[in-house]
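Trainee: As input, take structure_37.tsv (TSV, C-alpha atoms):
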```
chain	number	residue	atom	x	y	z
W	286	MET	CA	-101.42	-177.64	-251.83
W	287	ASN	CA	-100.60	-181.03	-250.31
W	288	LEU	CA	-102.14	-182.34	-247.10
W	289	THR	CA	-99.09	-181.42	-245.02
W	290	GLN	CA	-99.35	-177.79	-246.12
W	291	ALA	CA	-103.05	-177.78	-245.15
W	292	ILE	CA	-102.23	-178.58	-241.51
W	293	ARG	CA	-102.30	-175.52	-239.25
W	294	ARG	CA	-100.57	-176.62	-236.09
W	295	GLN	CA	-101.40	-174.77	-232.87
W	296	ASN	CA	-99.28	-175.06	-229.75
W	297	LEU	CA	-100.23	-173.99	-226.22
W	298	GLU	CA	-98.86	-170.48	-226.78
W	299	ASP	CA	-101.08	-170.10	-229.85
W	300	ILE	CA	-104.10	-171.19	-227.82
W	301	GLU	CA	-103.22	-168.69	-225.09
W	302	VAL	CA	-103.04	-165.90	-227.68
W	303	GLN	CA	-106.41	-167.00	-229.06
W	304	ALA	CA	-107.96	-166.97	-225.56
W	305	THR	CA	-106.64	-163.45	-224.91
W	306	ARG	CA	-107.99	-162.20	-228.24
W	307	VAL	CA	-111.48	-163.65	-227.66
W	308	ALA	CA	-111.59	-162.30	-224.08
W	309	GLY	CA	-110.68	-158.87	-225.42
W	310	MET	CA	-113.48	-159.07	-227.94
W	311	MET	CA	-115.97	-160.04	-225.22
W	312	ALA	CA	-114.95	-157.02	-223.15
W	313	ALA	CA	-115.35	-154.75	-226.19
W	314	ILE	CA	-118.75	-156.26	-227.05
W	315	ARG	CA	-120.01	-155.82	-223.51
W	316	SER	CA	-118.81	-152.22	-223.43
W	317	ALA	CA	-120.70	-151.56	-226.65
W	318	MET	CA	-123.83	-153.27	-225.33
W	319	LEU	CA	-123.72	-151.58	-221.94
W	320	PRO	CA	-122.36	-148.04	-222.39
W	321	PRO	CA	-120.96	-145.97	-220.81
W	322	THR	CA	-120.30	-147.65	-217.45
W	323	ALA	CA	-120.84	-151.27	-218.52
W	324	ALA	CA	-123.63	-151.51	-215.93
W	325	LYS	CA	-127.05	-152.93	-216.72
W	326	SER	CA	-130.28	-151.46	-215.42
W	327	ALA	CA	-133.69	-153.02	-214.92
W	328	PRO	CA	-136.56	-151.69	-217.06
W	329	SER	CA	-139.16	-149.31	-215.63
W	330	MET	CA	-142.89	-150.08	-215.66
W	331	SER	CA	-145.84	-148.18	-217.06
W	332	ILE	CA	-149.15	-147.89	-215.23
W	333	SER	CA	-150.60	-150.67	-217.41
W	334	GLN	CA	-147.71	-153.01	-216.63
W	335	LEU	CA	-147.89	-152.17	-212.92
W	336	ALA	CA	-151.63	-152.83	-212.83
W	337	GLN	CA	-151.12	-156.17	-214.57
W	338	LEU	CA	-148.45	-157.24	-212.06
W	339	CYS	CA	-150.62	-156.17	-209.12
W	340	GLN	CA	-153.63	-157.87	-210.77
W	341	VAL	CA	-155.83	-154.80	-210.38
W	342	ASP	CA	-157.44	-152.20	-212.63
W	343	LYS	CA	-155.46	-149.05	-213.55
W	344	THR	CA	-157.96	-146.94	-211.60
W	345	LYS	CA	-156.86	-148.74	-208.42
W	346	ILE	CA	-153.26	-147.70	-209.13
W	347	THR	CA	-154.33	-144.09	-209.68
W	348	TYR	CA	-156.28	-144.14	-206.42
W	349	ARG	CA	-153.33	-145.49	-204.40
W	350	VAL	CA	-150.99	-142.91	-205.94
W	351	LYS	CA	-153.31	-140.18	-204.67
W	352	ARG	CA	-153.43	-141.86	-201.26
W	353	GLY	CA	-149.66	-141.58	-201.10
W	354	ASP	CA	-148.91	-144.82	-199.22
W	355	LEU	CA	-146.96	-146.39	-202.10
W	356	PRO	CA	-144.24	-144.99	-204.41
W	357	ALA	CA	-145.72	-142.43	-206.83
W	358	GLY	CA	-143.23	-143.18	-209.58
W	359	THR	CA	-141.74	-140.53	-211.85
W	360	MET	CA	-143.34	-138.45	-214.59
W	361	VAL	CA	-141.59	-138.93	-217.95
W	362	GLY	CA	-143.25	-136.53	-220.34
W	363	ASN	CA	-146.96	-136.98	-219.74
W	364	LYS	CA	-146.64	-140.58	-218.52
W	365	ARG	CA	-145.90	-141.95	-215.08
W	366	VAL	CA	-143.38	-144.77	-214.75
W	367	TRP	CA	-142.14	-146.82	-211.81
W	368	SER	CA	-138.63	-148.16	-211.27
W	369	MET	CA	-138.23	-151.89	-210.73
W	370	GLU	CA	-137.67	-151.36	-207.01
W	371	GLU	CA	-140.84	-149.25	-206.75
W	372	THR	CA	-142.75	-151.80	-208.80
W	373	GLN	CA	-141.78	-154.60	-206.44
W	374	GLU	CA	-142.96	-152.56	-203.46
W	375	TRP	CA	-146.38	-152.20	-205.09
W	376	VAL	CA	-146.53	-155.89	-205.98
W	377	ARG	CA	-145.71	-156.97	-202.42
W	378	ALA	CA	-148.50	-154.76	-201.12
W	379	PHE	CA	-151.09	-156.22	-203.49
W	380	ARG	CA	-149.86	-159.85	-203.47
W	381	ALA	CA	-149.19	-160.30	-199.76
W	382	ASP	CA	-151.10	-163.61	-199.72
W	383	HIS	CA	-148.60	-165.10	-202.19
W	384	LEU	CA	-145.45	-164.18	-200.29
W	385	ARG	CA	-143.41	-166.54	-198.11
W	386	PRO	CA	-144.95	-167.06	-194.67
W	387	ASN	CA	-142.78	-166.09	-191.70
W	388	ASP	CA	-142.37	-169.68	-190.52
W	389	ALA	CA	-141.44	-171.10	-193.94
W	390	VAL	CA	-137.97	-171.28	-195.46
W	391	GLY	CA	-136.86	-170.54	-198.99
W	392	THR	CA	-137.52	-173.07	-201.74
W	393	THR	CA	-134.56	-174.29	-203.79
W	394	ILE	CA	-135.09	-174.93	-207.52
W	395	THR	CA	-132.42	-176.55	-209.67
W	396	VAL	CA	-132.53	-176.08	-213.45
W	397	ALA	CA	-130.70	-179.00	-215.02
W	398	ASN	CA	-130.10	-180.85	-218.27
W	399	PHE	CA	-127.34	-183.04	-219.65
W	400	LYS	CA	-127.19	-181.07	-222.87
W	401	GLY	CA	-126.23	-177.53	-223.75
W	402	GLY	CA	-128.34	-175.29	-225.97
W	403	VAL	CA	-131.66	-176.19	-224.36
W	404	ALA	CA	-132.33	-172.72	-222.84
W	405	LYS	CA	-131.31	-173.89	-219.36
W	406	THR	CA	-129.57	-170.66	-218.36
W	407	THR	CA	-132.22	-168.46	-219.95
W	408	THR	CA	-134.86	-170.39	-218.02
W	409	ALA	CA	-132.99	-169.96	-214.72
W	410	VAL	CA	-132.43	-166.23	-215.18
W	411	ALA	CA	-135.93	-165.50	-216.50
W	412	LEU	CA	-137.44	-167.51	-213.64
W	413	SER	CA	-135.43	-165.46	-211.13
W	414	GLN	CA	-136.52	-162.17	-212.71
W	415	GLY	CA	-140.13	-163.29	-213.08
W	416	LEU	CA	-140.40	-164.40	-209.46
W	417	SER	CA	-138.95	-161.09	-208.29
W	418	LEU	CA	-141.58	-159.28	-210.35
W	419	ARG	CA	-144.14	-161.20	-208.28
W	420	GLY	CA	-142.66	-159.83	-205.07
W	421	HIS	CA	-140.20	-162.56	-204.09
W	422	LYS	CA	-136.59	-162.18	-202.98
W	423	VAL	CA	-134.46	-164.49	-205.13
W	424	LEU	CA	-130.90	-165.80	-205.01
W	425	LEU	CA	-129.52	-167.08	-208.32
W	426	LEU	CA	-126.62	-169.48	-207.87
W	427	ASP	CA	-124.56	-169.99	-211.04
W	428	LEU	CA	-122.74	-173.34	-210.90
W	429	ASP	CA	-121.87	-173.61	-214.60
W	430	PRO	CA	-118.13	-172.91	-215.08
W	431	GLN	CA	-119.00	-171.24	-218.39
W	432	GLY	CA	-120.72	-168.54	-216.34
W	433	SER	CA	-123.54	-167.88	-218.79
W	434	ALA	CA	-125.99	-166.76	-216.09
W	435	THR	CA	-123.26	-164.56	-214.62
W	436	THR	CA	-122.75	-163.00	-218.06
W	437	LEU	CA	-126.49	-162.33	-218.43
W	438	PHE	CA	-126.22	-160.20	-215.28
W	439	GLY	CA	-123.51	-158.10	-216.91
W	440	VAL	CA	-120.53	-159.68	-215.15
W	441	LEU	CA	-117.70	-161.17	-217.23
W	442	PRO	CA	-116.65	-164.50	-215.66
W	443	ASP	CA	-113.05	-164.40	-216.93
W	444	ALA	CA	-112.27	-160.77	-216.09
W	445	GLU	CA	-114.49	-159.84	-213.14
W	446	VAL	CA	-115.01	-162.98	-211.07
W	447	GLU	CA	-112.52	-164.11	-208.43
W	448	VAL	CA	-112.61	-167.46	-206.64
W	449	GLU	CA	-114.17	-165.87	-203.55
W	450	ASN	CA	-117.13	-164.71	-205.69
W	451	THR	CA	-118.04	-168.34	-206.51
W	452	ALA	CA	-119.13	-171.53	-204.74
W	453	MET	CA	-115.59	-172.94	-205.03
W	454	PRO	CA	-114.52	-172.09	-201.43
W	455	LEU	CA	-117.63	-173.94	-200.18
W	456	PHE	CA	-116.78	-177.06	-202.20
W	457	SER	CA	-113.15	-176.95	-201.07
W	458	GLY	CA	-114.16	-176.69	-197.41
W	459	GLU	CA	-112.88	-173.16	-196.76
W	460	HIS	CA	-116.41	-171.93	-195.93
W	461	ALA	CA	-119.41	-173.67	-194.40
W	462	ASP	CA	-122.06	-171.54	-196.15
W	463	LEU	CA	-122.34	-169.34	-199.23
W	464	SER	CA	-123.02	-165.97	-197.64
W	465	TYR	CA	-119.47	-164.82	-198.45
W	466	ALA	CA	-120.14	-164.93	-202.21
W	467	ILE	CA	-123.54	-163.22	-202.52
W	468	ARG	CA	-123.57	-159.99	-204.52
W	469	LYS	CA	-126.28	-157.52	-205.52
W	470	THR	CA	-127.26	-157.23	-209.19
W	471	TYR	CA	-128.78	-154.56	-211.41
W	472	TRP	CA	-132.14	-156.31	-210.92
W	473	PRO	CA	-133.64	-155.44	-207.50
W	474	SER	CA	-134.50	-158.44	-205.30
W	475	VAL	CA	-132.33	-160.82	-207.37
W	476	ASP	CA	-128.92	-161.48	-205.83
W	477	LEU	CA	-126.22	-163.54	-207.51
W	478	ILE	CA	-123.45	-165.98	-206.75
W	479	CYS	CA	-121.18	-165.92	-209.78
W	480	ALA	CA	-119.51	-168.71	-211.73
W	481	ALA	CA	-116.23	-168.76	-213.61
W	482	PRO	CA	-114.02	-171.39	-215.31
W	483	LEU	CA	-112.18	-171.98	-212.03
W	484	LEU	CA	-115.31	-173.82	-210.81
W	485	PHE	CA	-114.08	-176.79	-212.86
W	486	GLY	CA	-111.80	-177.37	-209.87
W	487	ALA	CA	-114.77	-178.64	-207.85
W	488	GLU	CA	-114.74	-181.79	-209.98
W	489	PHE	CA	-111.34	-182.62	-208.46
W	490	VAL	CA	-111.74	-181.17	-204.97
W	491	LEU	CA	-114.96	-182.99	-204.06
W	492	PRO	CA	-113.79	-186.55	-204.94
W	493	ALA	CA	-110.43	-185.83	-203.26
W	494	ARG	CA	-112.22	-184.87	-200.03
W	495	GLN	CA	-114.36	-188.02	-200.32
W	496	SER	CA	-111.27	-190.22	-200.75
W	497	SER	CA	-109.47	-188.75	-197.74
W	498	ASP	CA	-112.54	-188.94	-195.48
W	499	PRO	CA	-114.87	-191.98	-195.96
W	500	GLY	CA	-117.49	-190.30	-193.77
W	501	PHE	CA	-117.60	-187.19	-195.99
W	502	GLU	CA	-120.72	-186.90	-198.14
W	503	PHE	CA	-119.72	-184.83	-201.16
W	504	TRP	CA	-123.30	-184.64	-202.43
W	505	ARG	CA	-124.47	-182.83	-199.26
W	506	VAL	CA	-122.01	-179.92	-199.34
W	507	LEU	CA	-124.23	-177.49	-201.26
W	508	ASP	CA	-127.41	-178.49	-199.44
W	509	ARG	CA	-125.82	-177.64	-196.08
W	510	GLY	CA	-124.14	-174.55	-197.51
W	511	LEU	CA	-127.52	-173.08	-198.48
W	512	ASP	CA	-129.18	-173.33	-195.07
W	513	GLN	CA	-128.46	-169.70	-194.16
W	514	ALA	CA	-129.62	-168.46	-197.58
W	515	ARG	CA	-132.91	-170.34	-197.19
W	516	ALA	CA	-133.67	-168.20	-194.17
W	517	GLU	CA	-133.02	-164.98	-196.11
W	518	TYR	CA	-134.44	-165.69	-199.58
W	519	ASP	CA	-137.86	-166.80	-200.76
W	520	VAL	CA	-136.51	-168.79	-203.68
W	521	ILE	CA	-133.03	-170.02	-204.60
W	522	VAL	CA	-132.57	-170.82	-208.30
W	523	ILE	CA	-129.54	-172.91	-209.32
W	524	ASP	CA	-128.16	-172.98	-212.86
W	525	THR	CA	-126.07	-176.11	-213.42
W	526	PRO	CA	-123.42	-177.32	-215.90
W	527	PRO	CA	-124.70	-179.33	-218.90
W	528	ALA	CA	-123.42	-182.61	-217.40
W	529	LEU	CA	-124.15	-184.91	-214.49
W	530	SER	CA	-121.04	-183.73	-212.64
W	531	TYR	CA	-120.17	-183.64	-208.92
W	532	VAL	CA	-121.47	-180.06	-208.88
W	533	THR	CA	-124.74	-180.97	-210.63
W	534	ILE	CA	-125.29	-183.84	-208.19
W	535	ASN	CA	-124.87	-181.35	-205.33
W	536	ALA	CA	-127.39	-179.01	-206.97
W	537	LEU	CA	-129.94	-181.80	-207.38
W	538	MET	CA	-129.46	-183.03	-203.81
W	539	ALA	CA	-130.01	-179.47	-202.53
W	540	ALA	CA	-133.20	-178.98	-204.55
W	541	ASP	CA	-136.80	-178.98	-203.42
W	542	GLY	CA	-137.84	-178.84	-207.07
W	543	VAL	CA	-136.21	-179.54	-210.43
W	544	ILE	CA	-136.91	-177.95	-213.80
W	545	MET	CA	-135.59	-179.63	-216.93
W	546	PRO	CA	-135.93	-177.62	-220.16
W	547	VAL	CA	-136.26	-179.98	-223.14
W	548	PRO	CA	-136.53	-178.75	-226.74
W	549	PRO	CA	-138.75	-181.03	-228.85
W	550	SER	CA	-135.92	-182.65	-230.83
W	551	ALA	CA	-135.01	-186.34	-230.91
W	552	LEU	CA	-131.45	-185.74	-229.64
W	553	ASP	CA	-132.62	-183.58	-226.73
W	554	PHE	CA	-135.27	-186.14	-225.78
W	555	ALA	CA	-132.67	-188.94	-225.85
W	556	SER	CA	-130.32	-186.83	-223.73
W	557	SER	CA	-133.04	-186.27	-221.12
W	558	ALA	CA	-133.59	-190.02	-220.89
W	559	GLN	CA	-129.88	-190.58	-220.27
W	560	PHE	CA	-129.90	-187.89	-217.58
W	561	TRP	CA	-132.60	-189.54	-215.49
W	562	ASP	CA	-131.13	-193.00	-216.00
W	563	LEU	CA	-127.70	-191.94	-214.74
W	564	PHE	CA	-129.14	-189.85	-211.92
W	565	SER	CA	-131.22	-192.80	-210.76
W	566	ASP	CA	-128.14	-195.06	-210.73
W	567	LEU	CA	-126.16	-192.50	-208.76
W	568	CYS	CA	-128.94	-192.07	-206.20
W	569	ASN	CA	-128.99	-195.82	-205.65
W	570	GLN	CA	-125.22	-195.85	-205.11
W	571	LEU	CA	-124.96	-192.73	-202.96
W	572	ILE	CA	-128.25	-192.45	-201.10
W	573	ARG	CA	-130.16	-195.70	-200.91
W	574	ALA	CA	-127.03	-197.76	-200.31
W	575	ARG	CA	-126.65	-195.76	-197.08
W	576	GLY	CA	-130.25	-196.29	-196.04
W	577	GLN	CA	-131.22	-192.72	-196.94
W	578	ASP	CA	-133.68	-191.20	-199.41
W	579	LYS	CA	-134.24	-188.00	-201.38
W	580	THR	CA	-137.63	-186.42	-201.99
W	581	PHE	CA	-138.38	-183.73	-204.56
W	582	GLU	CA	-141.47	-181.64	-203.97
W	583	PHE	CA	-141.86	-181.23	-207.73
W	584	ILE	CA	-140.13	-182.14	-210.98
W	585	ASP	CA	-141.07	-180.08	-214.03
W	586	VAL	CA	-140.26	-180.76	-217.66
W	587	LEU	CA	-140.43	-177.54	-219.68
W	588	LEU	CA	-140.78	-177.69	-223.45
W	589	SER	CA	-138.36	-174.99	-224.66
W	590	ARG	CA	-137.25	-173.51	-227.98
W	591	VAL	CA	-140.46	-174.78	-229.60
W	592	GLU	CA	-141.08	-174.00	-233.28
W	593	SER	CA	-144.78	-174.50	-233.89
W	594	SER	CA	-144.27	-174.75	-237.66
W	595	ASP	CA	-141.82	-177.66	-237.36
W	596	ALA	CA	-143.67	-180.92	-238.05
W	597	ALA	CA	-140.87	-183.08	-236.61
W	598	SER	CA	-141.01	-181.23	-233.28
W	599	SER	CA	-144.71	-182.08	-232.97
W	600	VAL	CA	-143.84	-185.78	-232.98
W	601	VAL	CA	-141.13	-185.36	-230.33
W	602	ARG	CA	-143.42	-183.14	-228.28
W	603	GLN	CA	-145.80	-186.09	-228.08
W	604	TRP	CA	-142.93	-188.36	-226.99
W	605	VAL	CA	-142.09	-185.93	-224.18
W	606	ILE	CA	-145.70	-185.76	-223.00
W	607	GLU	CA	-146.11	-189.54	-223.07
W	608	ALA	CA	-142.78	-190.16	-221.32
W	609	TYR	CA	-143.06	-187.53	-218.57
W	610	GLY	CA	-146.83	-187.35	-218.12
W	611	ASP	CA	-148.00	-184.75	-215.61
W	612	LYS	CA	-144.42	-183.59	-215.04
W	613	VAL	CA	-144.66	-181.63	-218.31
W	614	LEU	CA	-145.67	-178.05	-217.62
W	615	PRO	CA	-148.75	-176.96	-219.62
W	616	ILE	CA	-146.80	-174.22	-221.38
W	617	GLU	CA	-144.28	-174.12	-224.19
W	618	ILE	CA	-141.49	-171.58	-224.52
W	619	PRO	CA	-141.43	-170.55	-228.19
W	620	LYS	CA	-138.31	-170.07	-230.25
W	621	THR	CA	-138.85	-166.48	-231.35
W	622	ALA	CA	-136.86	-163.50	-232.53
W	623	VAL	CA	-137.46	-161.73	-229.21
W	624	THR	CA	-135.73	-164.42	-227.15
W	625	SER	CA	-132.85	-164.60	-229.62
W	626	SER	CA	-132.42	-160.82	-229.56
W	627	ALA	CA	-132.60	-160.65	-225.77
W	628	SER	CA	-129.90	-163.30	-225.43
W	629	ALA	CA	-127.70	-161.51	-227.95
W	630	GLU	CA	-127.86	-158.42	-225.78
W	631	PHE	CA	-126.98	-160.22	-222.56
W	632	GLY	CA	-130.54	-160.37	-221.25
W	633	THR	CA	-133.85	-162.23	-221.20
W	634	VAL	CA	-137.35	-161.40	-222.36
W	635	TYR	CA	-137.80	-159.46	-219.10
W	636	ASP	CA	-134.96	-157.11	-220.06
W	637	VAL	CA	-136.54	-156.16	-223.39
W	638	PRO	CA	-138.29	-152.75	-223.25
W	639	LYS	CA	-141.91	-152.87	-224.33
W	640	GLY	CA	-142.35	-151.52	-227.85
W	641	SER	CA	-138.76	-152.26	-228.91
W	642	MET	CA	-139.91	-154.96	-231.34
W	643	ASN	CA	-142.96	-156.52	-232.96
W	644	ALA	CA	-145.74	-156.42	-230.35
W	645	LYS	CA	-147.25	-159.79	-231.30
W	646	THR	CA	-143.89	-161.57	-231.20
W	647	PHE	CA	-142.98	-159.93	-227.90
W	648	SER	CA	-146.31	-160.80	-226.28
W	649	ARG	CA	-146.03	-164.43	-227.39
W	650	ALA	CA	-142.64	-164.85	-225.73
W	651	ARG	CA	-143.40	-162.76	-222.63
W	652	ASP	CA	-146.75	-164.47	-222.04
W	653	ALA	CA	-145.08	-167.90	-222.19
W	654	TYR	CA	-142.44	-166.96	-219.61
W	655	ASP	CA	-145.04	-165.26	-217.40
W	656	ARG	CA	-147.11	-168.44	-217.44
W	657	MET	CA	-144.05	-170.57	-216.62
W	658	VAL	CA	-143.24	-168.32	-213.66
W	659	GLU	CA	-146.86	-168.46	-212.50
W	660	LEU	CA	-146.89	-172.27	-212.58
W	661	VAL	CA	-143.60	-172.51	-210.70
W	662	GLU	CA	-144.78	-169.96	-208.12
W	663	GLN	CA	-147.87	-172.07	-207.45
W	664	GLN	CA	-145.65	-175.04	-206.67
W	665	VAL	CA	-143.39	-172.93	-204.45
W	666	GLU	CA	-146.43	-171.76	-202.49
W	667	ALA	CA	-147.48	-175.41	-202.10
W	668	VAL	CA	-144.03	-176.22	-200.69
W	669	TRP	CA	-144.41	-173.42	-198.12
W	670	ALA	CA	-147.88	-174.65	-197.19
W	671	SER	CA	-146.48	-178.15	-196.71
W	672	GLN	CA	-143.70	-176.80	-194.47
W	673	LEU	CA	-146.23	-175.03	-192.26
W	674	GLU	CA	-148.48	-178.10	-192.11
W	675	ASN	CA	-145.61	-180.38	-191.13
W	676	GLY	CA	-144.43	-177.79	-188.61
W	677	ASP	CA	-147.84	-177.75	-186.95
W	678	GLU	CA	-147.80	-181.52	-186.72
```
Show how you would write the structure in this file as structure tokens.

Mentor:
Amino acid sequence: MNLTQAIRRQNLEDIEVQATRVAGMMAAIRSAMLPPTAAKSAPSMSISQLAQLCQVDKTKITYRVKRGDLPAGTMVGNKRVWSMEETQEWVRAFRADHLRPNDAVGTTITVANFKGGVAKTTTAVALSQGLSLRGHKVLLLDLDPQGSATTLFGVLPDAEVEVENTAMPLFSGEHADLSYAIRKTYWPSVDLICAAPLLFGAEFVLPARQSSDPGFEFWRVLDRGLDQARAEYDVIVIDTPPALSYVTINALMAADGVIMPVPPSALDFASSAQFWDLFSDLCNQLIRARGQDKTFEFIDVLLSRVESSDAASSVVRQWVIEAYGDKVLPIEIPKTAVTSSASAEFGTVYDVPKGSMNAKTFSRARDAYDRMVELVEQQVEAVWASQLENGDE
């Protein structure tokens, strides 16, 4: 075979056929994963899990069941289980001191990184689920045109998401806020704004609007578009594209806090350095040049996909700690079979039923995510406290 024979030319029609075939496979895979109605459901909770979430002894749960002022759950065999919605009702009753005060508004958290494959989407979705398990009402805004977070909620971006289900009409100026796009999900207390490939259009629409109107501030569109949602939700979590795009800049400008997942690899560390360097330059051009400023209540660096047995990652881990100091959360998300399996089945560690895999491996992954959620919640509560303090002043 000569080199000419080895060439396999593909024209646009071939690529279209390929796209159709892959989309068909995705639909078939999802149908197999989510039979028979292709609808996901949140896991139920045992009495032990409910007691842990409420931070009380199991006897306290038994007592309140007898009192009858909280959902009694359902008997399955000789065990009592609670649906996710019932669980959240219990948690809100026992964790009232941790919930958003009436005079505070929702906190916006943007999960961002320049690079793909760093567990950005998994972090955003798991954080949303974990915060809801602690009694909070969460809005997850998917701004990545790949729609990975949307897919994790059982919605296919290519087949089931229309432009009006995304943030695109906000960026184009058709709507002033995002309430039109909010949809319920299978996970109680977590609502979703979907993403789809058509969101790539925002990278053209926003600069075009800026060019036609010098007074237009493209980086403020999302921030203003979330004002109504901040009154309705305790936390808004934003999943961003793996690039410092016009959309990502909007997400960062709208954020009270930022979480950057960084695996302990040299390339990922270098990418994170580039991210902050470019973001700093852009802020100087867009914000400071106009006599304005931007304050983040917190910036967290989360070590993700950590393999404890990898000697090289230990070195990079030290780089991350030295470079980011107290911004590094005191928890590491391990790279384990449980997180890989959960992702393969369109879910996170919170979707995995207890007992479905090795208990030690499951606990290691679940405990890490629980700790991450706990640390983020503490910062969210501090933001609310600051809002109330400034309001009093």

Trainee: Write out as AutoDock Vina command-line options an axis-aligned box for stretch 532-546 of chain W: all of its atoms listed in the file, 8 Å added on each side, centre and edge lengths in Å with one decimal.

Mentor:
```
--center_x -129.7 --center_y -180.7 --center_z -211.3 --size_x 32.4 --size_y 22.2 --size_z 33.6
```

Trainee: Please list as a list in words every residue within 12 Å of stretch 562-569 of chain W, counting all atoms listed in the file and excluding residues in the same chain fewer than 2 positions away.

Mentor: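 Here the answer would be Ala397, Asn398, Phe399, Trp504, Ala528, Leu529, Ser530, Tyr531, Thr533, Ile534, Asn535, Leu537, Met538, Ala555, Ser556, Ser557, Ala558, Gln559, Phe560, Leu571, Ile572, Arg573, Ala574, Arg575, Gly576, Gln577, Asp578, Lys579 and Thr580 of chain W.
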
Trainee: Which distance in Å separates atom CA of W:Phe438 and atom CA of W:Ser550, to one decimal?

Mentor: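 Pair atom CA of W:Phe438 / atom CA of W:Ser550 returns 29.0 Å.
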
Trainee: Check the smallest atom-to-atom distance from each of W:Pro527, W:Asp553, W:Met657, W:Asp519 to W:Ala389 using all atoms listed in the file, then report the winner.

Mentor: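 Comparing W:Pro527, W:Asp553, W:Met657, W:Asp519 against W:Ala389, the winner is W:Asp519.
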
Trainee: Calculate how many Å separate atom CA of W:Gln337 from atom CA of W:Glu517, rounding to one decimal.

Mentor: 27.3 Å

Trainee: Measuring between all atoms listed in the file, which one of W:Arg385, W:Arg494, W:His460, W:Arg651 shows the shortest distance to W:Lys620?

Mentor: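 The closest residue to W:Lys620 is W:Arg651.
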
Trainee: Go through W:Ile467, W:Ala378, W:Val634, W:Met369 one by one, measure the shortest atom-to-atom distance of each to W:Ser417 using only C-alpha atoms, and give the residue with the smallest value.

Mentor: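 Closest to W:Ser417, using only C-alpha atoms: W:Met369.
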
Trainee: Please identify all polymer residues within 10 Å of W:Thr359, counting all atoms listed in the file, omitting same-chain residues fewer than 5 positions from it, and present them as a PyMOL selection string.

Mentor: chain W and resi 329+364-368

Trainee: Which is closest to W:Phe581 among W:Phe503, W:Ile394, W:Asp429, W:Leu484, if we use only C-alpha atoms?

Mentor: W:Ile394

Trainee: One decimal, Å: what's the distance from atom CA of W:Asp498 over to atom CA of W:Pro454, could you say?

Mentor: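 Taking atom CA of W:Asp498 and atom CA of W:Pro454, their separation equals 18.0 Å.
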
Trainee: Rank W:Ser594, W:Thr451, W:Gln672, W:Ser496 by their smallest atom-to-atom distance to W:Pro482, using all atoms listed in the file, and report the top residue only.

Mentor: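 Looking only at the distances to W:Pro482, the closest residue turns out to be W:Thr451.
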